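Worksheet: one structure, shown below.
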Amino acid sequence: MIDIILPIYKADEIVYKSIDSVINQTYKDWHLIIIDDASKDGMLQNIKDKYINYNNKISYIKLDRNLRAAGARNFAISKSDGKYISFIDQDDLWKKNKLTEYINYFNNNINVKLVHSNIECIDKDNKIVKDFFNRGNYMRNQIPYSKLNNYEMAKHLFNYY
């Protein structure tokens, strides 16, 4: 089971596409935890109205105070019981086979504890903006993660896309 954590704060309409990109995954053993980081815009209620009956695969948490994205993620992690945890942001769209590829990678590389992937930028028409993140993807792929201590690894993965 993969617990997927989606923090939202002042979300716009793209958050629905983000949620749909999770629902449409080829890998189906997941649970989505949507955590509203004390938004005052009513978006959580709109999301609940749209997805409330989705087979108990989606949970909602509303925080009383804003913890910012990292704090909201950490709070959701404390509520998680999945074997794996994955993060999606409110403006991210996942390819349909993302989770399948991750699980296959973990299953074929039992010593691996963490994976990340390259990113692509899309425009308002869902077209890939060619070369937008090429340099960042290239730089991330040059980092010797297996040789880093936990602090250095977290710094690279969570501070730079």
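By convention in this document, the chains of the structure tokens carry letters A, B, ... by their order, each chain's residues are numbered from 1, and ligands are numbered from 1 in the order they are shown.
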Review point. Which neighbours of Tyr9 in chain A fall inside 9 Å, counting only C-alpha atoms, when residues of the same chain fewer than 3 positions from it are skipped, and could you give them as a VMD selection string?
Key: chain A and resid 35 to 41 43 66 68 to 69 90
Save out the residues we just selected, N, CA, C and O atoms, as a compact mmCIF listing (two decimals), in the first residue's frame.
```
# COMPACT_ATOMS: atom_id res chain seq x y z
N ILE A 35 -4.55 16.89 2.75
CA ILE A 35 -4.44 17.65 4.00
C ILE A 35 -4.54 19.14 3.69
O ILE A 35 -3.72 19.70 2.99
N ASP A 36 -5.61 19.73 4.18
CA ASP A 36 -5.85 21.15 3.98
C ASP A 36 -5.07 21.91 5.04
O ASP A 36 -5.33 21.78 6.23
N ASP A 37 -4.13 22.70 4.60
CA ASP A 37 -3.22 23.41 5.50
C ASP A 37 -3.83 24.73 5.97
O ASP A 37 -3.27 25.80 5.79
N ALA A 38 -5.02 24.62 6.56
CA ALA A 38 -5.75 25.75 7.15
C ALA A 38 -6.14 26.80 6.12
O ALA A 38 -6.12 28.00 6.39
N SER A 39 -6.52 26.34 4.94
CA SER A 39 -7.04 27.27 3.93
C SER A 39 -8.35 27.86 4.42
O SER A 39 -9.09 27.24 5.17
N LYS A 40 -8.65 29.03 3.95
CA LYS A 40 -9.91 29.67 4.31
C LYS A 40 -10.81 29.83 3.09
O LYS A 40 -11.81 30.53 3.13
N ASP A 41 -10.45 29.16 2.00
CA ASP A 41 -11.16 29.37 0.74
C ASP A 41 -12.26 28.34 0.45
O ASP A 41 -12.92 28.41 -0.57
N MET A 43 -11.92 25.23 -0.35
CA MET A 43 -11.54 24.25 -1.36
C MET A 43 -11.69 22.82 -0.84
O MET A 43 -12.09 21.93 -1.57
N ASN A 66 -1.96 26.91 9.92
CA ASN A 66 -1.11 26.68 8.76
C ASN A 66 0.27 26.21 9.20
O ASN A 66 0.95 26.88 9.96
N ARG A 68 2.44 25.12 6.75
CA ARG A 68 3.17 25.18 5.48
C ARG A 68 3.30 23.75 4.94
O ARG A 68 2.95 22.80 5.59
N ALA A 69 3.76 23.63 3.72
CA ALA A 69 3.73 22.34 3.03
C ALA A 69 4.49 21.25 3.78
O ALA A 69 3.99 20.13 3.95
N GLN A 90 -0.23 20.19 -5.12
CA GLN A 90 -1.54 20.56 -5.65
C GLN A 90 -1.50 20.99 -7.10
O GLN A 90 -2.56 21.09 -7.73
```
**Study point:** In range 47-116 of chain A, DSSP helix (DSSP H, G or I) residues written as a list in words
**Key:**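 Written out, the helix (DSSP H, G or I) residues of range 47-116 of chain A are Ile47, Lys48, Asp49, Lys50, Tyr51, Arg68, Ala69, Ala70, Gly71, Ala72, Arg73, Asn74, Phe75, Ala76, Ile77, Ser78, Lys79, Lys98, Leu99, Thr100, Glu101, Tyr102, Ile103, Asn104, Tyr105, Phe106, Asn107 and Asn108 of chain A.
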Write out, as a PDB file, in the first residue's frame, the residues just selected, with N, CA and C atoms.
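Printed below is result22.pdb as written:
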```
ATOM      1  N   ILE A  47     -13.570  19.760  -2.699  1.00  0.00           N
ATOM      2  CA  ILE A  47     -12.909  18.491  -3.001  1.00  0.00           C
ATOM      3  C   ILE A  47     -13.683  17.340  -2.376  1.00  0.00           C
ATOM      4  N   LYS A  48     -14.097  17.502  -1.129  1.00  0.00           N
ATOM      5  CA  LYS A  48     -14.873  16.451  -0.467  1.00  0.00           C
ATOM      6  C   LYS A  48     -16.169  16.175  -1.226  1.00  0.00           C
ATOM      7  N   ASP A  49     -16.830  17.233  -1.671  1.00  0.00           N
ATOM      8  CA  ASP A  49     -18.079  17.049  -2.417  1.00  0.00           C
ATOM      9  C   ASP A  49     -17.856  16.245  -3.687  1.00  0.00           C
ATOM     10  N   LYS A  50     -16.729  16.455  -4.339  1.00  0.00           N
ATOM     11  CA  LYS A  50     -16.448  15.773  -5.602  1.00  0.00           C
ATOM     12  C   LYS A  50     -15.957  14.339  -5.402  1.00  0.00           C
ATOM     13  N   TYR A  51     -15.165  14.087  -4.342  1.00  0.00           N
ATOM     14  CA  TYR A  51     -14.489  12.797  -4.203  1.00  0.00           C
ATOM     15  C   TYR A  51     -14.902  11.993  -2.973  1.00  0.00           C
ATOM     16  N   ARG A  68       2.438  25.123   6.745  1.00  0.00           N
ATOM     17  CA  ARG A  68       3.171  25.181   5.483  1.00  0.00           C
ATOM     18  C   ARG A  68       3.303  23.755   4.943  1.00  0.00           C
ATOM     19  N   ALA A  69       3.761  23.632   3.722  1.00  0.00           N
ATOM     20  CA  ALA A  69       3.727  22.341   3.031  1.00  0.00           C
ATOM     21  C   ALA A  69       4.487  21.246   3.784  1.00  0.00           C
ATOM     22  N   ALA A  70       5.700  21.543   4.242  1.00  0.00           N
ATOM     23  CA  ALA A  70       6.495  20.516   4.932  1.00  0.00           C
ATOM     24  C   ALA A  70       5.823  20.062   6.219  1.00  0.00           C
ATOM     25  N   GLY A  71       5.304  21.010   6.993  1.00  0.00           N
ATOM     26  CA  GLY A  71       4.611  20.659   8.233  1.00  0.00           C
ATOM     27  C   GLY A  71       3.358  19.847   7.977  1.00  0.00           C
ATOM     28  N   ALA A  72       2.610  20.221   6.939  1.00  0.00           N
ATOM     29  CA  ALA A  72       1.406  19.468   6.580  1.00  0.00           C
ATOM     30  C   ALA A  72       1.775  18.047   6.155  1.00  0.00           C
ATOM     31  N   ARG A  73       2.842  17.911   5.362  1.00  0.00           N
ATOM     32  CA  ARG A  73       3.305  16.569   4.957  1.00  0.00           C
ATOM     33  C   ARG A  73       3.686  15.740   6.176  1.00  0.00           C
ATOM     34  N   ASN A  74       4.451  16.341   7.085  1.00  0.00           N
ATOM     35  CA  ASN A  74       4.877  15.608   8.280  1.00  0.00           C
ATOM     36  C   ASN A  74       3.689  15.184   9.129  1.00  0.00           C
ATOM     37  N   PHE A  75       2.691  16.050   9.259  1.00  0.00           N
ATOM     38  CA  PHE A  75       1.489  15.680  10.010  1.00  0.00           C
ATOM     39  C   PHE A  75       0.803  14.498   9.341  1.00  0.00           C
ATOM     40  N   ALA A  76       0.667  14.546   8.024  1.00  0.00           N
ATOM     41  CA  ALA A  76       0.026  13.443   7.296  1.00  0.00           C
ATOM     42  C   ALA A  76       0.833  12.156   7.423  1.00  0.00           C
ATOM     43  N   ILE A  77       2.160  12.265   7.403  1.00  0.00           N
ATOM     44  CA  ILE A  77       2.998  11.070   7.589  1.00  0.00           C
ATOM     45  C   ILE A  77       2.681  10.418   8.925  1.00  0.00           C
ATOM     46  N   SER A  78       2.448  11.226   9.956  1.00  0.00           N
ATOM     47  CA  SER A  78       2.146  10.673  11.283  1.00  0.00           C
ATOM     48  C   SER A  78       0.818   9.915  11.294  1.00  0.00           C
ATOM     49  N   LYS A  79      -0.035  10.170  10.314  1.00  0.00           N
ATOM     50  CA  LYS A  79      -1.331   9.478  10.202  1.00  0.00           C
ATOM     51  C   LYS A  79      -1.279   8.320   9.203  1.00  0.00           C
ATOM     52  N   LYS A  98       3.188   5.998 -13.054  1.00  0.00           N
ATOM     53  CA  LYS A  98       4.220   6.434 -12.095  1.00  0.00           C
ATOM     54  C   LYS A  98       4.354   5.456 -10.931  1.00  0.00           C
ATOM     55  N   LEU A  99       3.264   5.142 -10.264  1.00  0.00           N
ATOM     56  CA  LEU A  99       3.348   4.275  -9.095  1.00  0.00           C
ATOM     57  C   LEU A  99       3.742   2.851  -9.478  1.00  0.00           C
ATOM     58  N   THR A 100       3.270   2.366 -10.616  1.00  0.00           N
ATOM     59  CA  THR A 100       3.665   1.036 -11.088  1.00  0.00           C
ATOM     60  C   THR A 100       5.170   0.986 -11.292  1.00  0.00           C
ATOM     61  N   GLU A 101       5.720   1.999 -11.927  1.00  0.00           N
ATOM     62  CA  GLU A 101       7.170   2.037 -12.139  1.00  0.00           C
ATOM     63  C   GLU A 101       7.923   2.091 -10.815  1.00  0.00           C
ATOM     64  N   TYR A 102       7.448   2.876  -9.868  1.00  0.00           N
ATOM     65  CA  TYR A 102       8.109   2.961  -8.566  1.00  0.00           C
ATOM     66  C   TYR A 102       8.090   1.612  -7.858  1.00  0.00           C
ATOM     67  N   ILE A 103       6.925   0.979  -7.812  1.00  0.00           N
ATOM     68  CA  ILE A 103       6.806  -0.319  -7.125  1.00  0.00           C
ATOM     69  C   ILE A 103       7.679  -1.357  -7.809  1.00  0.00           C
ATOM     70  N   ASN A 104       7.662  -1.388  -9.116  1.00  0.00           N
ATOM     71  CA  ASN A 104       8.537  -2.329  -9.828  1.00  0.00           C
ATOM     72  C   ASN A 104       9.998  -2.073  -9.498  1.00  0.00           C
ATOM     73  N   TYR A 105      10.386  -0.822  -9.421  1.00  0.00           N
ATOM     74  CA  TYR A 105      11.771  -0.492  -9.088  1.00  0.00           C
ATOM     75  C   TYR A 105      12.118  -0.976  -7.682  1.00  0.00           C
ATOM     76  N   PHE A 106      11.240  -0.702  -6.714  1.00  0.00           N
ATOM     77  CA  PHE A 106      11.483  -1.177  -5.348  1.00  0.00           C
ATOM     78  C   PHE A 106      11.574  -2.703  -5.308  1.00  0.00           C
ATOM     79  N   ASN A 107      10.669  -3.380  -6.003  1.00  0.00           N
ATOM     80  CA  ASN A 107      10.658  -4.843  -5.990  1.00  0.00           C
ATOM     81  C   ASN A 107      11.913  -5.432  -6.621  1.00  0.00           C
ATOM     82  N   ASN A 108      12.483  -4.755  -7.595  1.00  0.00           N
ATOM     83  CA  ASN A 108      13.679  -5.252  -8.274  1.00  0.00           C
ATOM     84  C   ASN A 108      14.984  -4.747  -7.666  1.00  0.00           C
TER      85      ASN A 108
END
```
Review point. Counting only C-alpha atoms, which of A:Ile14, A:Asp3, A:Gln25, A:Lys147 gets nearest to Lys96 in chain A?
Key: A:Gln25
Practice item. Tell me which protein, DNA and RNA residues are within 12 Å of range 135-139 of chain A, counting only C-alpha atoms, leaving out same-chain ones fewer than 5 positions away, and put them as a ChimeraX atom specification. Key: /A:116-121,130,144,156-157,160-161
Practice item. Excluding Leu32 in chain A and residues on its chain fewer than 3 positions from it, collect all residues at most 7 Å away from it, counting only C-alpha atoms, and give them as a PyMOL selection string. Key: chain A and resi 3-5+57-59
Could you save the residues just selected, with N, CA, C and O atoms, as a PDB file, in the first residue's frame?
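Printed below is selection-v1.pdb as written:
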```
ATOM      1  N   ASP A   3       0.723   5.239   0.626  1.00  0.00           N
ATOM      2  CA  ASP A   3      -0.013   6.413   1.080  1.00  0.00           C
ATOM      3  C   ASP A   3       0.533   7.608   0.323  1.00  0.00           C
ATOM      4  O   ASP A   3       1.745   7.855   0.312  1.00  0.00           O
ATOM      5  N   ILE A   4      -0.359   8.328  -0.303  1.00  0.00           N
ATOM      6  CA  ILE A   4       0.005   9.494  -1.101  1.00  0.00           C
ATOM      7  C   ILE A   4      -0.472  10.726  -0.347  1.00  0.00           C
ATOM      8  O   ILE A   4      -1.646  10.813   0.030  1.00  0.00           O
ATOM      9  N   ILE A   5       0.425  11.657  -0.135  1.00  0.00           N
ATOM     10  CA  ILE A   5       0.113  12.843   0.663  1.00  0.00           C
ATOM     11  C   ILE A   5       0.044  14.054  -0.244  1.00  0.00           C
ATOM     12  O   ILE A   5       0.989  14.364  -0.970  1.00  0.00           O
ATOM     13  N   LYS A  57     -10.768   5.386  -0.570  1.00  0.00           N
ATOM     14  CA  LYS A  57      -9.354   5.487  -0.936  1.00  0.00           C
ATOM     15  C   LYS A  57      -8.814   6.893  -0.716  1.00  0.00           C
ATOM     16  O   LYS A  57      -7.640   7.136  -0.919  1.00  0.00           O
ATOM     17  N   ILE A  58      -9.683   7.817  -0.312  1.00  0.00           N
ATOM     18  CA  ILE A  58      -9.275   9.200  -0.105  1.00  0.00           C
ATOM     19  C   ILE A  58      -9.699   9.647   1.287  1.00  0.00           C
ATOM     20  O   ILE A  58     -10.854   9.471   1.676  1.00  0.00           O
ATOM     21  N   SER A  59      -8.747  10.193   2.042  1.00  0.00           N
ATOM     22  CA  SER A  59      -9.018  10.758   3.364  1.00  0.00           C
ATOM     23  C   SER A  59      -8.784  12.262   3.317  1.00  0.00           C
ATOM     24  O   SER A  59      -7.997  12.742   2.505  1.00  0.00           O
TER      25      SER A  59
END
```
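Closest approach to Val15 in chain A among A:Asp81, A:Lys28, A:Asn53, A:Trp94: A:Trp94, based on only C-alpha atoms.
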Check your understanding: In Å, with one decimal, what is the gap from CA of Met1 in chain A to CA of Ile85 in chain A?
Key ->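 A separation of 8.7 Å between them.
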